[in-house]
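Written below as structure tokens is the structure these notes are about.
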2 protein chains.
Amino acid sequence: MTMRTLLLLSSALLIGAAPAKKLLTPTDIVNGAPSAAWKTIPADDLLVMDLKSGARVVVQLAPMFAPVHVANIKALARSSYWDGATIYRVQDNYVAQWGLNDSDKPWPAGVTAKPPAEYTRPFKGLSIKPLGYADPYAPGTGFADGWPIAYSSKSGWANLAHCYATVGVGRNLSPDTGTGGELYAIIGQPTRHMDRNLAVVGRVIDGIDRLSSLPRGTEALGFYKDKADYVPITSIRLASQMTAAGRPSYEYLDTASASFARYIRVRANRHDDFYTRPAGGVDLCNVQVPVRKKT
Amino acid sequence: MTMRTLLLLSSALLIGAAPAKKLLTPTDIVNGAPSAAWKTIPADDLLVMDLKSGARVVVQLAPMFAPVHVANIKALARSSYWDGATIYRVQDNYVAQWGLNDSDKPWPAGVTAKPPAEYTRPFKGLSIKPLGYADPYAPGTGFADGWPIAYSSKSGWANLAHCYATVGVGRNLSPDTGTGGELYAIIGQPTRHMDRNLAVVGRVIDGIDRLSSLPRGTEALGFYKDKADYVPITSIRLASQMTAAGRPSYEYLDTASASFARYIRVRANRHDDFYTRPAGGVDLCNVQVPVRKKT
């Protein structure tokens, strides 16, 4: 009824004086994590997309999951391949998609035109913090180097999971795997059925709201009807291409840290002033790895 | 690369000539369901919200899960309580919230000012189609009378799950349960940790994209900073208050039908021209119950 209605529903903030016995929120855990628990994201793994509107969207790339596709994306950024790119598809509860669309612009040097199907990677070699709760899509889920993953230790595969803000490579029908010129970001419910069927290359770590709040396309599958509706992109480049002073920098909470383990526990058992019945579990995609801007 | 990139990623459509051996998509199942498998939603369970922009948002109410809160909402609609209401909060990957906000308008006759905590209902009395896949939040999940639910047959509770487009009642700290004057809709990932902590009263069955594409509020928790940013609502009324000729009508696929059982199986095992690795499972919220407009 009042301005404070639902105020405490969010995980983003907890305002107010500390009560006598304070039950920690996820935000409390994150704010209390020591600086040693934070890891800086390399500038060469940050894809910075500036829209003509002035909005900025930053993607953290995941070379350890789709090395050839990510190498392609870096080569495309360095060669200014995306000059004139637009966001041309926004489908509700699904994806926003951008690139040159319908273009026959040749691939620049350094791009593998037909990459392998990097839909999974070997389980071996990953250092995993298991989530420890049931998942309908995979035998195991957890976190490796800051990424939410699904895996089968028995079958030996692992994949970066399709959660809110996950970024993947658009493709046509198999055996095409997409080159990396057209990218999508998830703007709705996790689309875990896409796991192991597409190449996932990273996640939006800043500005996902600029994509999720775009008008939905009215054509089939959310394509914009008129080219006039396409959302113009001024530039897509790596942070490493920008001056050291001008580039943004981010860090994420180390998923192998004690702070992150506590963060999972509290996420699975919300029990503060607002929540009276802890769930006793949590979905992989709802344990969003904390990422923050370095100042 | 081309216009068709990602075209087949959607569950919404499958275009093209039928291949020799056709693997059915979820849409194929829905389109092929006999008319007997569809159930009409009563006009008295449809809350029709018209925005000043001309957009319409329609909520299907769920009296079987939160009877007192839903009765309140119906009384509020019938008494034009929401005259002057707005959408005043849009938090990315979380909720859009509407009502009179900060108002001290008295409750009209027929409204229970302090309803009971209808966060769950008895498991007994529900006819459930179990989903049959693991869930991190509850011992059981499935569908009852068209609604996605979580439950414990052992402990005897069931609740309407917080999925994309689920509508619930804003409240302050417990023991307040909210009256129904302020409502929220989920516009991002499922917020299943809210299950059993809030009164769920229904779901948006038409126009959720009009809420999810609104600009995000810049204040804490997504509240709009200036009242000038509030999104004006022209009217909120029940379809049963409209003329029979002028009211919208909807039907949903009976979740007890053979068609719906097939639909679940295909959702859990996408295996058509686009998907090469079926998941073998599906999340409760990703089995969206088909709802369509009756013409």
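To be explicit about the labels: the chains of the structure tokens are called A, B, and onward in the order shown, and within each one the residues are counted from 1, while ligands get numbers from 1 in the order they are shown.
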
Residues within 7 Å of B:Tyr250, only C-alpha atoms, excluding chain neighbours under 4 positions, as a PyMOL selection string:
chain B and resi 40-41+291-294

Could you list, with a cut-off of 6 Å and counting only C-alpha atoms, the residues of chain A near chain B, each shown with its nearest atom pair and the distance in Å rounded to one decimal, rows sorted by chain and ascending number, as a Markdown table?
| residue | atom | partner | partner_atom | distance |
| --- | --- | --- | --- | --- |
| A:Met1 | CA | B:Asn101 | CA | 5.5 |
| A:Thr2 | CA | B:Asp102 | CA | 4.2 |
| A:Met3 | CA | B:Asp102 | CA | 5.1 |
| A:Thr5 | CA | B:Asn172 | CA | 5.1 |
| A:Leu6 | CA | B:Gly170 | CA | 5.4 |
| A:Asp92 | CA | B:Asp209 | CA | 5.9 |
| A:Asn101 | CA | B:Thr2 | CA | 5.5 |
| A:Asp102 | CA | B:Thr2 | CA | 4.3 |
| A:Tyr133 | CA | B:Pro136 | CA | 5.5 |
| A:Ala134 | CA | B:Pro136 | CA | 4.8 |
| A:Asp135 | CA | B:Ala134 | CA | 5.7 |
| A:Pro136 | CA | B:Ala134 | CA | 4.8 |
| A:Tyr137 | CA | B:Gly281 | CA | 5.2 |
| A:Gly170 | CA | B:Leu6 | CA | 5.3 |
| A:Arg171 | CA | B:Thr5 | CA | 5.2 |
| A:Asn172 | CA | B:Thr5 | CA | 5.0 |
| A:Leu173 | CA | B:Phe274 | CA | 5.4 |
| A:Gly188 | CA | B:Gly188 | CA | 5.0 |
| A:Gln189 | CA | B:Gln189 | CA | 4.4 |
| A:His193 | CA | B:Ala279 | CA | 5.8 |
| A:Asp209 | CA | B:Asp92 | CA | 5.9 |
| A:Ser213 | CA | B:Ser213 | CA | 4.0 |
| A:Leu214 | CA | B:Ser213 | CA | 5.7 |
| A:Pro215 | CA | B:Ser213 | CA | 5.7 |
| A:Phe274 | CA | B:Leu173 | CA | 5.4 |
| A:Ala279 | CA | B:Tyr137 | CA | 5.6 |
| A:Gly281 | CA | B:Pro136 | CA | 5.1 |
| A:Val282 | CA | B:Pro136 | CA | 5.5 |
| A:Asp283 | CA | B:Pro136 | CA | 6.0 |

Counting only C-alpha atoms, which residue out of A:Ala55, A:Ala77, A:Pro67, A:Ser35 sits closest to A:Ala239?
A:Ala77

Could you pull out the residues in stretch 10-226 of chain B that DSSP calls strand (DSSP E or B) from the backbone, as a VMD selection string?
chain B and resid 38 to 40 46 to 51 56 to 61 86 to 90 95 to 99 121 to 122 128 to 130 140 to 144 147 to 152 157 to 160 166 to 169 183 to 186 200 to 206 223

Residue neighbourhood A:Val70, 7 Å, only C-alpha atoms, exclusion window fewer than 4 positions, as a count of residues only
5

What are the DSSP helix (DSSP H, G or I) residues of stretch 78-247 of chain B, as a list of chain:residue names?
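For stretch 78-247 of chain B, the helix (DSSP H, G or I) set is B:Arg78, B:Arg192, B:His193, B:Met194, B:Ile208, B:Asp209, B:Arg210, B:Leu211, B:Ser212, B:Ala220, B:Leu221, B:Gly222, B:Lys227, B:Ala228, B:Asp229, B:Ala239, B:Ser240, B:Gln241.
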